[in-house]
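Here's the structure, in structure tokens; my notes come after.
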Amino acid sequence: MIFDLDLWSLQILGIQHLAGRFIIGLGFPYNAFWNSPALGKLWFRSKRRRYQSALDYLKLLKEEEPHRKIYVSGHSLGGGLAHLVASELQLPAVTLSAPGVVETAGLLGLEPLELQDLTVNVIPDRDPIPANSGKQGGVTVPIPCIVGEAPECHRVFNTICMLLKQCGDPIQRNIPCNFCPMEAL
């Protein structure tokens with residue numbers, strides 16, 4: 001989680017967006033640094049090491065098993081990393097409640113437009129992470145939130161329960177007790 005926050009801290013906290021507006025005297029140098037291809041982007045690309053092990057593993061898997069269809073997946077910040085890995089390796093990604101990665105992909109030197117054809121992000125309404133973290137890069141699939149509270153809409157269990165409720169389960173598997181909040185009532 002610390003690695004994920006390091007990768008997205010500027011976007012999550014809104015620092016990069018707000019610096020030019022509210023930091024008197026520092027806005028211009030700050031924005032000049034982050035928007036400079038030679039400085040800000042070079043520094044930000046060093047953050048690729050945060051997901052290098054996943055890249056190395058998937059590159060090796062693609063080489064050793066070229067016939068295999070590989071998908072990457074994740075929830076929340078892990079979903080954001082899945083989108084970035086998908087962009088780098090041209091793999092499809094299916095994620096739940098991932099943050100917007102367009103700005104991050106650009107800073108990493110990736111092509112954000114590639115995400116449109118590679119990634120699907122399932123987002124419950126009122127989920128605060130995707131709603132407040134920047135522009136989504138791929139296809140988004142909005143679903144209702146199974147609970148009323150905004151922070152609870154981000155929980156992966158609630159998202160899975162809503163997907164099962166909306167899409168059904170053809171083999172009628174038993175969900176463990178209290179897994180879905182509406183069943184626990």
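As shown in the structure tokens, the chain order sets the letters A, B, ...; within each chain, residues go from 1, and ligands are also counted from 1 in the order they appear.
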Practice task
Excluding region 66-77 of chain A and residues on its chain fewer than 2 positions from it, collect all residues at most 6 Å away from it, counting only C-alpha atoms, and give them as number ranges by chain.
Solution key: A: 4, 62-63, 79-80, 82, 92-98
Write out, as CSV, each residue of region 32-130 of chain A that has an atom at most 9 Å from region 140-162 of chain A, together with the closest pair of atoms and their distance in Å to one decimal, counting only C-alpha atoms, rows going by chain and rising number.
```
residue,atom,partner,partner_atom,distance
A:His75,CA,A:Val156,CA,6.9
A:Ser76,CA,A:His154,CA,7.9
A:Leu96,CA,A:Val156,CA,7.2
A:Ser97,CA,A:His154,CA,6.6
A:Thr119,CA,A:Thr140,CA,8.4
A:Val120,CA,A:Thr140,CA,5.7
A:Asn121,CA,A:Thr140,CA,4.8
A:Val122,CA,A:Val141,CA,4.7
A:Ile123,CA,A:Pro142,CA,4.9
A:Pro124,CA,A:Ile143,CA,4.7
A:Asp125,CA,A:Pro144,CA,5.4
A:Arg126,CA,A:Ala150,CA,5.1
A:Asp127,CA,A:Cys153,CA,5.0
A:Pro128,CA,A:Ala150,CA,6.6
A:Ile129,CA,A:His154,CA,7.2
A:Pro130,CA,A:His154,CA,9.0
```
Problem - DSSP helix (DSSP H, G or I) residues within region 64-166 of chain A, listed as a ChimeraX atom specification - result: /A:64,77-89,102-107,112-118,128-131,151-154,156-166
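The coordinates place CA of Gly78 (chain A) at 9.1 Å from CA of Pro99 (chain A).
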Handout entry: Gly137 (chain A) surroundings by only C-alpha atoms, 8 Å radius, close-in-sequence under 5 positions cut, as a list of chain:residue names
Key = A:Gly100, A:Val101, A:Val102, A:Pro112, A:Leu113, A:Leu115, A:Gln116, A:Thr119
Could the residues in this selection be saved with all heavy atoms as an mmCIF file, in the first residue's frame?
```
data_model
loop_
_atom_site.group_PDB
_atom_site.id
_atom_site.type_symbol
_atom_site.label_atom_id
_atom_site.label_comp_id
_atom_site.auth_asym_id
_atom_site.auth_seq_id
_atom_site.Cartn_x
_atom_site.Cartn_y
_atom_site.Cartn_z
ATOM 1 N N GLY A 100 -8.188 6.752 -11.428
ATOM 2 C CA GLY A 100 -7.885 7.205 -12.780
ATOM 3 C C GLY A 100 -6.383 7.167 -13.001
ATOM 4 O O GLY A 100 -5.621 7.581 -12.134
ATOM 5 N N VAL A 101 -5.949 6.657 -14.144
ATOM 6 C CA VAL A 101 -4.517 6.495 -14.381
ATOM 7 C C VAL A 101 -4.007 7.256 -15.601
ATOM 8 O O VAL A 101 -2.850 7.119 -15.954
ATOM 9 C CB VAL A 101 -4.138 4.999 -14.515
ATOM 10 C CG1 VAL A 101 -4.403 4.246 -13.231
ATOM 11 C CG2 VAL A 101 -4.828 4.363 -15.690
ATOM 12 N N VAL A 102 -4.850 8.054 -16.234
ATOM 13 C CA VAL A 102 -4.416 8.744 -17.445
ATOM 14 C C VAL A 102 -3.209 9.638 -17.170
ATOM 15 O O VAL A 102 -2.201 9.576 -17.878
ATOM 16 C CB VAL A 102 -5.584 9.550 -18.063
ATOM 17 C CG1 VAL A 102 -5.089 10.502 -19.132
ATOM 18 C CG2 VAL A 102 -6.623 8.602 -18.640
ATOM 19 N N PRO A 112 -1.566 6.845 -22.696
ATOM 20 C CA PRO A 112 -2.861 6.669 -22.036
ATOM 21 C C PRO A 112 -3.981 6.197 -22.966
ATOM 22 O O PRO A 112 -4.885 5.507 -22.526
ATOM 23 C CB PRO A 112 -3.178 8.062 -21.483
ATOM 24 C CG PRO A 112 -1.860 8.745 -21.374
ATOM 25 C CD PRO A 112 -1.028 8.183 -22.495
ATOM 26 N N LEU A 113 -3.914 6.517 -24.253
ATOM 27 C CA LEU A 113 -4.965 6.096 -25.182
ATOM 28 C C LEU A 113 -5.018 4.580 -25.353
ATOM 29 O O LEU A 113 -6.061 4.028 -25.675
ATOM 30 C CB LEU A 113 -4.793 6.777 -26.535
ATOM 31 C CG LEU A 113 -5.056 8.281 -26.558
ATOM 32 C CD1 LEU A 113 -4.755 8.851 -27.934
ATOM 33 C CD2 LEU A 113 -6.479 8.593 -26.142
ATOM 34 N N LEU A 115 -4.953 2.471 -23.078
ATOM 35 C CA LEU A 115 -5.779 1.918 -22.010
ATOM 36 C C LEU A 115 -7.216 1.702 -22.475
ATOM 37 O O LEU A 115 -7.896 0.800 -21.991
ATOM 38 C CB LEU A 115 -5.752 2.838 -20.792
ATOM 39 C CG LEU A 115 -4.402 2.975 -20.090
ATOM 40 C CD1 LEU A 115 -4.441 4.115 -19.086
ATOM 41 C CD2 LEU A 115 -4.012 1.674 -19.430
ATOM 42 N N GLN A 116 -7.682 2.504 -23.404
ATOM 43 C CA GLN A 116 -9.065 2.408 -23.871
ATOM 44 C C GLN A 116 -9.378 1.025 -24.427
ATOM 45 O O GLN A 116 -10.450 0.499 -24.237
ATOM 46 C CB GLN A 116 -9.343 3.483 -24.925
ATOM 47 C CG GLN A 116 -10.786 3.584 -25.321
ATOM 48 C CD GLN A 116 -11.684 4.020 -24.173
ATOM 49 O OE1 GLN A 116 -11.306 4.836 -23.355
ATOM 50 N NE2 GLN A 116 -12.873 3.455 -24.100
ATOM 51 N N THR A 119 -8.370 -1.954 -20.946
ATOM 52 C CA THR A 119 -8.783 -2.021 -19.552
ATOM 53 C C THR A 119 -10.282 -1.813 -19.349
ATOM 54 O O THR A 119 -10.913 -1.027 -20.048
ATOM 55 C CB THR A 119 -8.025 -0.975 -18.706
ATOM 56 O OG1 THR A 119 -8.348 0.323 -19.162
ATOM 57 C CG2 THR A 119 -6.524 -1.185 -18.785
#
```
